[in-house]
Structures are given as structure tokens and as C-alpha cells.
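Report on one structure; see the data block that follows.
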Amino acid sequence: MNRLALLVITLWSLWYARNKKVHEANLQTPEQICAFIVSYYRELEFIAPKLQLISSTQNSLWQAPDLPLVMVNFDASFSSVDKASWSGVVVRNSIGEIMGACRRFSPFVASAFMAEAYAALHAIDLLIDLGFDSVVIEGDSLTIIKKLQASSSDLSELSVVIFEVQAKAKTLRNCSFNFTPRASNQVAHIIAKDFSLNSGDRFWVEEIPSSALRAAASDCRNLRPP
């Protein structure tokens with residue numbers, strides 16, 4: 001990372017703090033702003049060496065989990081204008097069969113990172129509602145996955161949501177969080193982006209929206225043997 005990156009992060013943080021004050025009457029102290037800048041910069045430093053690896057896996061195929069695990073894929077669509085997000089979640093078993101899916105609406109969402117954090121929360125809520133306790137949870141936001149994998153406390157604005165997801169994961173028999181490229185997260189991505197489903201919450205059991213059927217079928221055709 002370089003000085004230009006630090007400058008961009010600083011300017012973005014100041015603009016974000018200004019918006020919080022104007023729109024939410026939430027005045028951040030200089031110390032809070034500086035702490036956020038340092039935390040965000042360090043996070044990008046950590047992620048940067050992995051970008052080449054992520055780029056090399058963009059053509060990865062969705063892989064079904066081994067028995068007795070089920071896999072939950074999540075993604076989010078964020079509107080900076082409406083300050084709202086929509087989560088797309090799909091649960092599949094070891095042969096790619098659809099166990100359930102949902103599309104959840106979240107108001108008052110401050111950032112795309114927060115949108116992805118809410119999507120992770122909606123993912124674990126869905127699998128718990130369906131009664132699964134041995135799961136792999138996958139998303140294409142490396143930042144969120146790293147936070148969910150971390151054993152140390154998260155100090156960012158996402159901390160409350162990250163803590164809730166981690167707390168619920170501890171109630172399960174077996175739960176892990178994995179990063180996956182967008183190319184292998186298409187079903188959840190399509191559900192999150194499908195605004196024909198209206199802005200409310202939608203749930204499906206053993207089926208998914210018709211808009212995502214082709215992507216799900218493609219995942220099944222492309223399944224590679226373990």
C-alpha cells in the first residue's frame with residue numbers, strides 16, 4: 001500500500017463522517033475517524049497480497065460440500081442512494097439440491113461492507129431456521145469472510161453484526177466460513193439483484209426464484225468429483 005491509498009482512505013473517511021453528521025446527527029470525534037482510517041488501511045494491507053490469488057480463481061466452479069455438510073452461499077445488493085440492501089441466500093446439499101433460499105431487505109445500511117455483513121447474518125439465520133447444524137458458509141466478500149474467520153474482536157462499524165454471526169455459528173455443531181469468487185457465487189448474487197421480487201422479505205423451501213434456476217442448474221452440471 002502507498003501514500004495515495006492512504007490519502008484516498010482519509011478523504012473517503014472524512015466524507016463518510018460528514019454524511020453521518022448531516023444525515024444522522026452522529027458526530028464522530030477526530031480520534032474515532034483516525035482509528036477507522038488506520039484500521040481500514042491495515043485491512044487493505046492484509047488483503048492486497050491475496051488479490052493476485054483471487055484473480056487467478058475467478059473461473060472457479062461452485063463445489064458441493066461433503067456429507068453431512070450443507071453449503072450456504074450469500075451475497076448482497078447495496079443502494080447508496082436508498083441506504084438499503086438486499087441479501088441473497090441459497091442453501092444446497094452435497095449433490096447440489098436446493099434446500100432453501102431467501103431474499104431479505106435491510107434498511108439504514110451505511111455501506112456495501114455492512115450490506116455483506118447483513119447477508120452473512122441472513123445466511124446463518126436461514127440455515128438455523130431450516131434445522132441444519134453442519135454447514136459451510138460462503139461469500140464473495142473477502143473482507144467479511146476474514147472478519148468472520150478472525151478470533152480477535154472486530155473494531156469496525158461492522159462489529160455488532162459480525163459478533164452476532166459468530167455467536168450463532170458457535171451454537172452449531174460444525175460451521176466454517178469460506179471465501180469464494182463471484183463466478184461460483186452466482187445463484188446468491190442473482191437472488192440479491194433480482195428486484196422483480198419486490199423489496200420485502202421472501203423465503204423458499206426446496207426451491208429458488210426462477211431467475212436463478214439457470215445458474216443453479218449450471219452449478220450442478222459443473223460439479224467436479226471430490
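So you can find residues: chains in the C-alpha cells are A, B, ... in the order shown, residues in each start at 1, and ligands are numbered from 1 in order.
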
Spatial neighbours of Gln32 in chain A, 12 Å, only C-alpha atoms, chain gap at least 2 places, as a tab-separated table (two decimals) with all heavy atoms, in the first residue's frame:
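For reference, out-v2.tsv as written:
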chain	number	residue	atom	x	y	z
A	13	SER	N	-13.03	8.64	4.41
A	13	SER	CA	-13.44	8.58	5.81
A	13	SER	C	-14.00	9.92	6.27
A	13	SER	O	-15.00	9.98	7.01
A	13	SER	CB	-12.25	8.19	6.70
A	13	SER	OG	-11.75	6.92	6.33
A	14	LEU	N	-13.37	11.02	5.83
A	14	LEU	CA	-13.88	12.35	6.18
A	14	LEU	C	-15.25	12.61	5.56
A	14	LEU	O	-16.14	13.19	6.19
A	14	LEU	CB	-12.88	13.42	5.73
A	14	LEU	CG	-11.54	13.45	6.50
A	14	LEU	CD1	-10.57	14.42	5.83
A	14	LEU	CD2	-11.76	13.81	7.96
A	17	ALA	N	-17.75	10.59	7.51
A	17	ALA	CA	-18.03	11.22	8.80
A	17	ALA	C	-18.95	12.45	8.62
A	17	ALA	O	-19.84	12.69	9.42
A	17	ALA	CB	-16.73	11.64	9.48
A	26	ASN	N	-24.90	12.30	13.84
A	26	ASN	CA	-23.92	11.48	14.55
A	26	ASN	C	-22.55	12.08	14.32
A	26	ASN	O	-21.95	11.91	13.26
A	26	ASN	CB	-23.98	10.03	14.05
A	26	ASN	CG	-23.07	9.12	14.83
A	26	ASN	OD1	-22.19	9.56	15.55
A	26	ASN	ND2	-23.29	7.82	14.66
A	27	LEU	N	-22.04	12.78	15.31
A	27	LEU	CA	-20.76	13.46	15.18
A	27	LEU	C	-19.64	12.55	15.67
A	27	LEU	O	-19.60	12.16	16.84
A	27	LEU	CB	-20.76	14.76	15.99
A	27	LEU	CG	-19.44	15.56	15.97
A	27	LEU	CD1	-19.12	15.99	14.54
A	27	LEU	CD2	-19.56	16.76	16.88
A	28	GLN	N	-18.73	12.19	14.76
A	28	GLN	CA	-17.58	11.36	15.13
A	28	GLN	C	-16.43	12.25	15.60
A	28	GLN	O	-16.18	13.30	15.03
A	28	GLN	CB	-17.14	10.51	13.94
A	28	GLN	CG	-18.15	9.44	13.55
A	28	GLN	CD	-17.63	8.59	12.41
A	28	GLN	OE1	-17.22	9.10	11.38
A	28	GLN	NE2	-17.63	7.30	12.60
A	29	THR	N	-15.73	11.78	16.61
A	29	THR	CA	-14.58	12.53	17.11
A	29	THR	C	-13.38	12.32	16.18
A	29	THR	O	-13.33	11.33	15.44
A	29	THR	CB	-14.20	12.07	18.52
A	29	THR	OG1	-13.73	10.71	18.46
A	29	THR	CG2	-15.40	12.15	19.46
A	30	PRO	N	-12.39	13.24	16.21
A	30	PRO	CA	-11.17	13.04	15.42
A	30	PRO	C	-10.49	11.71	15.75
A	30	PRO	O	-9.93	11.07	14.85
A	30	PRO	CB	-10.30	14.24	15.81
A	30	PRO	CG	-11.29	15.29	16.22
A	30	PRO	CD	-12.40	14.56	16.88
A	34	CYS	N	-9.65	8.81	13.01
A	34	CYS	CA	-8.27	8.32	12.83
A	34	CYS	C	-8.18	6.82	13.05
A	34	CYS	O	-7.48	6.11	12.31
A	34	CYS	CB	-7.33	9.05	13.79
A	34	CYS	SG	-7.04	10.78	13.37
A	35	ALA	N	-8.89	6.33	14.06
A	35	ALA	CA	-8.87	4.89	14.34
A	35	ALA	C	-9.45	4.10	13.18
A	35	ALA	O	-8.94	3.04	12.80
A	35	ALA	CB	-9.64	4.60	15.62
A	36	PHE	N	-10.53	4.64	12.57
A	36	PHE	CA	-11.13	3.98	11.42
A	36	PHE	C	-10.17	3.95	10.23
A	36	PHE	O	-10.04	2.93	9.55
A	36	PHE	CB	-12.43	4.67	11.03
A	36	PHE	CG	-13.10	4.08	9.83
A	36	PHE	CD1	-13.88	2.94	9.94
A	36	PHE	CD2	-12.92	4.64	8.56
A	36	PHE	CE1	-14.48	2.38	8.83
A	36	PHE	CE2	-13.52	4.08	7.45
A	36	PHE	CZ	-14.31	2.95	7.59
A	37	ILE	N	-9.50	5.08	9.98
A	37	ILE	CA	-8.55	5.16	8.86
A	37	ILE	C	-7.44	4.14	9.03
A	37	ILE	O	-7.09	3.41	8.10
A	37	ILE	CB	-7.97	6.59	8.75
A	37	ILE	CG1	-9.06	7.58	8.34
A	37	ILE	CG2	-6.81	6.63	7.75
A	37	ILE	CD1	-8.64	9.04	8.44
A	38	VAL	N	-6.86	4.09	10.23
A	38	VAL	CA	-5.76	3.15	10.49
A	38	VAL	C	-6.24	1.71	10.33
A	38	VAL	O	-5.57	0.87	9.71
A	38	VAL	CB	-5.19	3.37	11.90
A	38	VAL	CG1	-4.20	2.26	12.26
A	38	VAL	CG2	-4.52	4.73	11.99
A	39	SER	N	-7.42	1.40	10.89
A	39	SER	CA	-7.95	0.04	10.80
A	39	SER	C	-8.21	-0.37	9.36
A	39	SER	O	-7.87	-1.47	8.94
A	39	SER	CB	-9.25	-0.04	11.62
A	39	SER	OG	-9.86	-1.30	11.45
A	155	LEU	N	-13.26	-4.34	15.41
A	155	LEU	CA	-13.38	-2.98	15.93
A	155	LEU	C	-13.99	-2.00	14.93
A	155	LEU	O	-14.02	-0.80	15.17
A	155	LEU	CB	-12.00	-2.47	16.36
A	155	LEU	CG	-11.28	-3.30	17.44
A	155	LEU	CD1	-9.91	-2.72	17.73
A	155	LEU	CD2	-12.12	-3.39	18.71
A	156	SER	N	-14.46	-2.50	13.81
A	156	SER	CA	-15.02	-1.63	12.78
A	156	SER	C	-16.50	-1.38	13.04
A	156	SER	O	-17.09	-1.88	14.01
A	156	SER	CB	-14.84	-2.27	11.40
A	156	SER	OG	-15.72	-3.38	11.25
A	157	GLU	N	-17.12	-0.61	12.14
A	157	GLU	CA	-18.55	-0.34	12.25
A	157	GLU	C	-19.39	-1.60	12.07
A	157	GLU	O	-20.59	-1.61	12.39
A	157	GLU	CB	-18.97	0.68	11.20
A	157	GLU	CG	-18.76	0.21	9.77
A	157	GLU	CD	-19.32	1.18	8.74
A	157	GLU	OE1	-20.12	2.05	9.12
A	157	GLU	OE2	-18.96	1.04	7.57

Quick one: which range 131-180 of chain A residues come within 10 Å of range 188-210 of chain A, and what is the nearest atom pair for each with the distance in Å to one decimal, counting only C-alpha atoms, rows ordered by chain and ascending number, as a Markdown table?
| residue | atom | partner | partner_atom | distance |
| --- | --- | --- | --- | --- |
| A:Glu138 | CA | A:Ala188 | CA | 9.9 |
| A:Gly139 | CA | A:Ala188 | CA | 8.8 |
| A:Asp140 | CA | A:His189 | CA | 9.3 |

I'd like the contact shell of Leu172 in chain A - 9 Å cut-off, only C-alpha atoms, skipping same-chain residues fewer than 4 positions apart - returned as an mmCIF file with all heavy atoms, in the first residue's frame.
data_model
loop_
_atom_site.group_PDB
_atom_site.id
_atom_site.type_symbol
_atom_site.label_atom_id
_atom_site.label_comp_id
_atom_site.auth_asym_id
_atom_site.auth_seq_id
_atom_site.Cartn_x
_atom_site.Cartn_y
_atom_site.Cartn_z
ATOM 1 N N ILE A 128 -30.275 -22.012 10.229
ATOM 2 C CA ILE A 128 -30.764 -22.390 11.551
ATOM 3 C C ILE A 128 -32.273 -22.647 11.501
ATOM 4 O O ILE A 128 -32.774 -23.623 12.073
ATOM 5 C CB ILE A 128 -30.420 -21.300 12.588
ATOM 6 C CG1 ILE A 128 -28.909 -21.277 12.852
ATOM 7 C CG2 ILE A 128 -31.181 -21.532 13.893
ATOM 8 C CD1 ILE A 128 -28.449 -20.137 13.750
ATOM 9 N N PHE A 132 -30.374 -27.006 9.992
ATOM 10 C CA PHE A 132 -29.053 -27.551 9.685
ATOM 11 C C PHE A 132 -28.036 -27.097 10.715
ATOM 12 O O PHE A 132 -28.053 -25.937 11.143
ATOM 13 C CB PHE A 132 -28.601 -27.112 8.287
ATOM 14 C CG PHE A 132 -29.491 -27.618 7.185
ATOM 15 C CD1 PHE A 132 -30.258 -26.737 6.440
ATOM 16 C CD2 PHE A 132 -29.563 -28.966 6.899
ATOM 17 C CE1 PHE A 132 -31.085 -27.191 5.427
ATOM 18 C CE2 PHE A 132 -30.386 -29.441 5.887
ATOM 19 C CZ PHE A 132 -31.147 -28.551 5.148
ATOM 20 N N ASP A 133 -27.139 -27.993 11.109
ATOM 21 C CA ASP A 133 -26.127 -27.610 12.098
ATOM 22 C C ASP A 133 -24.708 -27.997 11.703
ATOM 23 O O ASP A 133 -23.780 -27.859 12.489
ATOM 24 C CB ASP A 133 -26.455 -28.179 13.479
ATOM 25 C CG ASP A 133 -26.424 -29.700 13.518
ATOM 26 O OD1 ASP A 133 -26.189 -30.328 12.464
ATOM 27 O OD2 ASP A 133 -26.635 -30.256 14.610
ATOM 28 N N SER A 134 -24.526 -28.505 10.467
ATOM 29 C CA SER A 134 -23.190 -28.781 9.935
ATOM 30 C C SER A 134 -23.109 -28.097 8.574
ATOM 31 O O SER A 134 -23.671 -28.594 7.587
ATOM 32 C CB SER A 134 -22.949 -30.293 9.799
ATOM 33 O OG SER A 134 -22.939 -30.911 11.069
ATOM 34 N N VAL A 135 -22.421 -26.953 8.535
ATOM 35 C CA VAL A 135 -22.543 -26.093 7.363
ATOM 36 C C VAL A 135 -21.212 -25.456 6.966
ATOM 37 O O VAL A 135 -20.310 -25.288 7.782
ATOM 38 C CB VAL A 135 -23.568 -24.966 7.616
ATOM 39 C CG1 VAL A 135 -24.924 -25.544 7.984
ATOM 40 C CG2 VAL A 135 -23.087 -24.029 8.706
ATOM 41 N N LYS A 168 -23.844 -17.003 16.680
ATOM 42 C CA LYS A 168 -24.777 -18.019 16.189
ATOM 43 C C LYS A 168 -24.027 -19.215 15.615
ATOM 44 O O LYS A 168 -24.475 -20.366 15.747
ATOM 45 C CB LYS A 168 -25.710 -17.409 15.148
ATOM 46 C CG LYS A 168 -26.699 -16.422 15.749
ATOM 47 C CD LYS A 168 -27.666 -15.868 14.722
ATOM 48 C CE LYS A 168 -28.699 -14.963 15.409
ATOM 49 N NZ LYS A 168 -29.709 -14.416 14.485
#

message = Using only C-alpha atoms, can you tell me which of A:Ala101, A:Ala167, A:Ile33, A:Val8 comes closest to Leu126 in chain A?
response =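 Among A:Ala101, A:Ala167, A:Ile33, A:Val8, it is A:Ala101 that comes nearest to Leu126 in chain A.
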
ask   = Which value, in Å to one decimal, gives the distance between CA of Trp62 in chain A and CA of Gln186 in chain A?
value = 8.9 Å

inquiry  = Counting only C-alpha atoms, which residue out of A:Asn178, A:Ser87, A:Thr171, A:Ser79 sits closest to Ala150 in chain A?
reply    = A:Asn178

message = Please list as a list in words every residue within 10 Å of range 143-146 of chain A, counting only C-alpha atoms and excluding residues in the same chain fewer than 5 positions away.
response =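 The residues satisfying every condition are Glu43, Leu44, Phe46, Ile47, Phe113, Met114, Ala115, Glu116, Ala117, Tyr118, Ala119, Ala120, Ile137, Glu138, Ser151, Leu158, Ile162, Ser176, Phe177, Asn178, Phe179 and Thr180 of chain A.
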
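With CA of Arg214 in chain A on one side and CA of Asp125 in chain A on the other, the separation reads 25.4 Å.
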
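You will find CA of Glu24 in chain A at 27.7 Å from CA of Leu148 in chain A.
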
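Around Val70 in chain A, within 8 Å and counting only C-alpha atoms, the residues found are Ala64, Pro65, Asp66, Leu67, Pro68, Val72, Val91, Arg92, Asn93, Ser94, Phe132, Ser134, Val135 and Val136 of chain A, once anything fewer than 2 positions away on its own chain is removed.
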
inquiry  = Just checking: using only C-alpha atoms, which residue out of A:Cys102, A:Leu7, A:Ala112, A:Val90 ends up closest to Ser77 in chain A?
reply    =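 Ranked by minimum distance to Ser77 in chain A, first place goes to A:Ala112.
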
If you run DSSP over the backbone, which residues in range 101-210 of chain A end up strand (DSSP E)? Put them as a tab-separated table (two decimals) with all heavy atoms, in the first residue's frame.
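In the end it all went to out.tsv:
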chain	number	residue	atom	x	y	z
A	101	ALA	N	-33.88	-21.04	0.26
A	101	ALA	CA	-33.31	-19.77	-0.22
A	101	ALA	C	-34.11	-18.62	0.39
A	101	ALA	O	-35.24	-18.81	0.86
A	101	ALA	CB	-33.34	-19.70	-1.74
A	102	CYS	N	-33.52	-17.44	0.38
A	102	CYS	CA	-34.26	-16.27	0.83
A	102	CYS	C	-33.68	-15.01	0.20
A	102	CYS	O	-32.54	-14.99	-0.27
A	102	CYS	CB	-34.25	-16.14	2.36
A	102	CYS	SG	-32.65	-15.67	3.09
A	103	ARG	N	-34.50	-13.97	0.20
A	103	ARG	CA	-34.07	-12.62	-0.18
A	103	ARG	C	-34.57	-11.69	0.92
A	103	ARG	O	-35.77	-11.62	1.17
A	103	ARG	CB	-34.64	-12.21	-1.54
A	103	ARG	CG	-34.10	-10.88	-2.07
A	103	ARG	CD	-34.60	-10.64	-3.50
A	103	ARG	NE	-33.91	-9.52	-4.13
A	103	ARG	CZ	-34.35	-8.26	-4.11
A	103	ARG	NH1	-35.49	-7.97	-3.51
A	103	ARG	NH2	-33.67	-7.30	-4.72
A	104	ARG	N	-33.65	-11.02	1.61
A	104	ARG	CA	-34.00	-10.22	2.78
A	104	ARG	C	-33.66	-8.75	2.54
A	104	ARG	O	-32.61	-8.42	1.97
A	104	ARG	CB	-33.25	-10.71	4.02
A	104	ARG	CG	-33.51	-12.17	4.41
A	104	ARG	CD	-34.85	-12.34	5.09
A	104	ARG	NE	-34.95	-11.51	6.29
A	104	ARG	CZ	-34.48	-11.87	7.49
A	104	ARG	NH1	-33.85	-13.04	7.64
A	104	ARG	NH2	-34.63	-11.08	8.53
A	105	PHE	N	-34.55	-7.88	3.01
A	105	PHE	CA	-34.35	-6.44	2.89
A	105	PHE	C	-33.82	-5.88	4.20
A	105	PHE	O	-34.26	-6.26	5.29
A	105	PHE	CB	-35.68	-5.77	2.55
A	105	PHE	CG	-35.64	-4.26	2.60
A	105	PHE	CD1	-34.94	-3.54	1.64
A	105	PHE	CD2	-36.27	-3.56	3.61
A	105	PHE	CE1	-34.90	-2.16	1.68
A	105	PHE	CE2	-36.24	-2.18	3.66
A	105	PHE	CZ	-35.55	-1.47	2.69
A	106	SER	N	-32.86	-4.95	4.11
A	106	SER	CA	-32.31	-4.29	5.29
A	106	SER	C	-32.29	-2.78	5.06
A	106	SER	O	-31.63	-2.31	4.13
A	106	SER	CB	-30.88	-4.77	5.58
A	106	SER	OG	-30.86	-6.16	5.84
A	107	PRO	N	-32.98	-2.00	5.89
A	107	PRO	CA	-32.94	-0.54	5.77
A	107	PRO	C	-31.78	0.05	6.58
A	107	PRO	O	-31.15	-0.65	7.37
A	107	PRO	CB	-34.28	-0.12	6.37
A	107	PRO	CG	-34.53	-1.16	7.43
A	107	PRO	CD	-33.95	-2.46	6.90
A	134	SER	N	-24.53	-28.51	10.47
A	134	SER	CA	-23.19	-28.78	9.94
A	134	SER	C	-23.11	-28.10	8.57
A	134	SER	O	-23.67	-28.59	7.59
A	134	SER	CB	-22.95	-30.29	9.80
A	134	SER	OG	-22.94	-30.91	11.07
A	135	VAL	N	-22.42	-26.95	8.53
A	135	VAL	CA	-22.54	-26.09	7.36
A	135	VAL	C	-21.21	-25.46	6.97
A	135	VAL	O	-20.31	-25.29	7.78
A	135	VAL	CB	-23.57	-24.97	7.62
A	135	VAL	CG1	-24.92	-25.54	7.98
A	135	VAL	CG2	-23.09	-24.03	8.71
A	136	VAL	N	-21.15	-25.10	5.69
A	136	VAL	CA	-20.10	-24.24	5.16
A	136	VAL	C	-20.81	-22.99	4.64
A	136	VAL	O	-21.75	-23.09	3.86
A	136	VAL	CB	-19.32	-24.90	4.01
A	136	VAL	CG1	-18.26	-23.94	3.47
A	136	VAL	CG2	-18.69	-26.20	4.46
A	137	ILE	N	-20.38	-21.82	5.09
A	137	ILE	CA	-20.97	-20.56	4.66
A	137	ILE	C	-19.98	-19.84	3.76
A	137	ILE	O	-18.86	-19.55	4.17
A	137	ILE	CB	-21.35	-19.69	5.87
A	137	ILE	CG1	-22.35	-20.43	6.76
A	137	ILE	CG2	-21.93	-18.36	5.40
A	137	ILE	CD1	-22.73	-19.67	8.02
A	138	GLU	N	-20.40	-19.58	2.51
A	138	GLU	CA	-19.52	-18.96	1.53
A	138	GLU	C	-20.06	-17.61	1.06
A	138	GLU	O	-21.25	-17.44	0.84
A	138	GLU	CB	-19.38	-19.86	0.30
A	138	GLU	CG	-18.49	-21.06	0.50
A	138	GLU	CD	-18.16	-21.75	-0.81
A	138	GLU	OE1	-18.82	-21.45	-1.84
A	138	GLU	OE2	-17.25	-22.59	-0.81
A	139	GLY	N	-19.12	-16.66	0.89
A	139	GLY	CA	-19.46	-15.36	0.31
A	139	GLY	C	-18.31	-14.85	-0.52
A	139	GLY	O	-17.17	-15.31	-0.37
A	174	ASN	N	-21.00	-27.80	13.52
A	174	ASN	CA	-19.86	-27.61	12.63
A	174	ASN	C	-20.18	-26.46	11.69
A	174	ASN	O	-21.11	-26.55	10.90
A	174	ASN	CB	-19.60	-28.90	11.84
A	174	ASN	CG	-18.34	-28.82	10.99
A	174	ASN	OD1	-17.68	-27.79	10.94
A	174	ASN	ND2	-18.02	-29.91	10.31
A	175	CYS	N	-19.41	-25.39	11.77
A	175	CYS	CA	-19.67	-24.22	10.92
A	175	CYS	C	-18.35	-23.58	10.54
A	175	CYS	O	-17.52	-23.28	11.40
A	175	CYS	CB	-20.56	-23.21	11.64
A	175	CYS	SG	-20.95	-21.72	10.67
A	176	SER	N	-18.15	-23.35	9.25
A	176	SER	CA	-16.95	-22.68	8.76
A	176	SER	C	-17.34	-21.62	7.74
A	176	SER	O	-18.40	-21.70	7.12
A	176	SER	CB	-15.96	-23.68	8.13
A	176	SER	OG	-16.56	-24.33	7.02
A	177	PHE	N	-16.46	-20.62	7.59
A	177	PHE	CA	-16.69	-19.52	6.65
A	177	PHE	C	-15.59	-19.55	5.59
A	177	PHE	O	-14.41	-19.53	5.91
A	177	PHE	CB	-16.67	-18.18	7.39
A	177	PHE	CG	-17.73	-18.06	8.45
A	177	PHE	CD1	-17.42	-18.30	9.78
A	177	PHE	CD2	-19.03	-17.71	8.12
A	177	PHE	CE1	-18.39	-18.20	10.76
A	177	PHE	CE2	-20.00	-17.60	9.10
A	177	PHE	CZ	-19.68	-17.85	10.43
A	178	ASN	N	-15.99	-19.56	4.32
A	178	ASN	CA	-15.04	-19.63	3.21
A	178	ASN	C	-15.29	-18.51	2.21
A	178	ASN	O	-16.44	-18.16	1.92
A	178	ASN	CB	-15.15	-20.96	2.47
A	178	ASN	CG	-14.66	-22.13	3.31
A	178	ASN	OD1	-13.96	-21.96	4.31
A	178	ASN	ND2	-15.07	-23.33	2.93
A	179	PHE	N	-14.20	-17.98	1.67
A	179	PHE	CA	-14.30	-17.06	0.55
A	179	PHE	C	-14.49	-17.84	-0.74
A	179	PHE	O	-13.89	-18.91	-0.93
A	179	PHE	CB	-13.04	-16.20	0.44
A	179	PHE	CG	-12.98	-15.40	-0.84
A	179	PHE	CD1	-13.71	-14.23	-0.97
A	179	PHE	CD2	-12.23	-15.85	-1.91
A	179	PHE	CE1	-13.68	-13.50	-2.15
A	179	PHE	CE2	-12.18	-15.12	-3.10
A	179	PHE	CZ	-12.91	-13.95	-3.22
A	202	ARG	N	-38.50	-12.49	1.21
A	202	ARG	CA	-39.06	-13.66	0.53
A	202	ARG	C	-38.29	-14.90	0.97
A	202	ARG	O	-37.07	-14.85	1.11
A	202	ARG	CB	-38.97	-13.50	-0.98
A	202	ARG	CG	-39.77	-12.37	-1.57
A	202	ARG	CD	-41.27	-12.68	-1.59
A	202	ARG	NE	-41.55	-13.88	-2.37
A	202	ARG	CZ	-41.73	-13.88	-3.70
A	202	ARG	NH1	-41.65	-12.75	-4.38
A	202	ARG	NH2	-42.02	-15.01	-4.32
A	203	PHE	N	-39.00	-16.02	1.13
A	203	PHE	CA	-38.38	-17.27	1.54
A	203	PHE	C	-38.88	-18.40	0.65
A	203	PHE	O	-40.06	-18.42	0.25
A	203	PHE	CB	-38.71	-17.58	3.00
A	203	PHE	CG	-38.19	-16.57	3.98
A	203	PHE	CD1	-38.93	-15.44	4.30
A	203	PHE	CD2	-36.95	-16.74	4.58
A	203	PHE	CE1	-38.46	-14.50	5.19
A	203	PHE	CE2	-36.46	-15.80	5.48
A	203	PHE	CZ	-37.22	-14.69	5.79
A	204	TRP	N	-37.99	-19.34	0.35
A	204	TRP	CA	-38.33	-20.52	-0.44
A	204	TRP	C	-37.78	-21.77	0.24
A	204	TRP	O	-36.67	-21.74	0.78
A	204	TRP	CB	-37.75	-20.43	-1.85
A	204	TRP	CG	-38.21	-19.25	-2.65
A	204	TRP	CD1	-39.26	-19.21	-3.53
A	204	TRP	CD2	-37.64	-17.93	-2.67
A	204	TRP	NE1	-39.37	-17.95	-4.08
A	204	TRP	CE2	-38.39	-17.15	-3.57
A	204	TRP	CE3	-36.56	-17.34	-2.00
A	204	TRP	CZ2	-38.09	-15.81	-3.83
A	204	TRP	CZ3	-36.26	-16.01	-2.25
A	204	TRP	CH2	-37.02	-15.26	-3.14
A	205	VAL	N	-38.53	-22.86	0.21
A	205	VAL	CA	-38.07	-24.15	0.75
A	205	VAL	C	-38.00	-25.14	-0.40
A	205	VAL	O	-38.99	-25.35	-1.12
A	205	VAL	CB	-39.00	-24.67	1.86
A	205	VAL	CG1	-38.55	-26.05	2.34
A	205	VAL	CG2	-39.04	-23.69	3.03

inquiry  = Taking the DSSP secondary structure from the backbone, can you list the residues of range 54-133 of chain A that are helix (DSSP H, G or I), as a ChimeraX atom specification?
reply    = /A:54-56,112-130
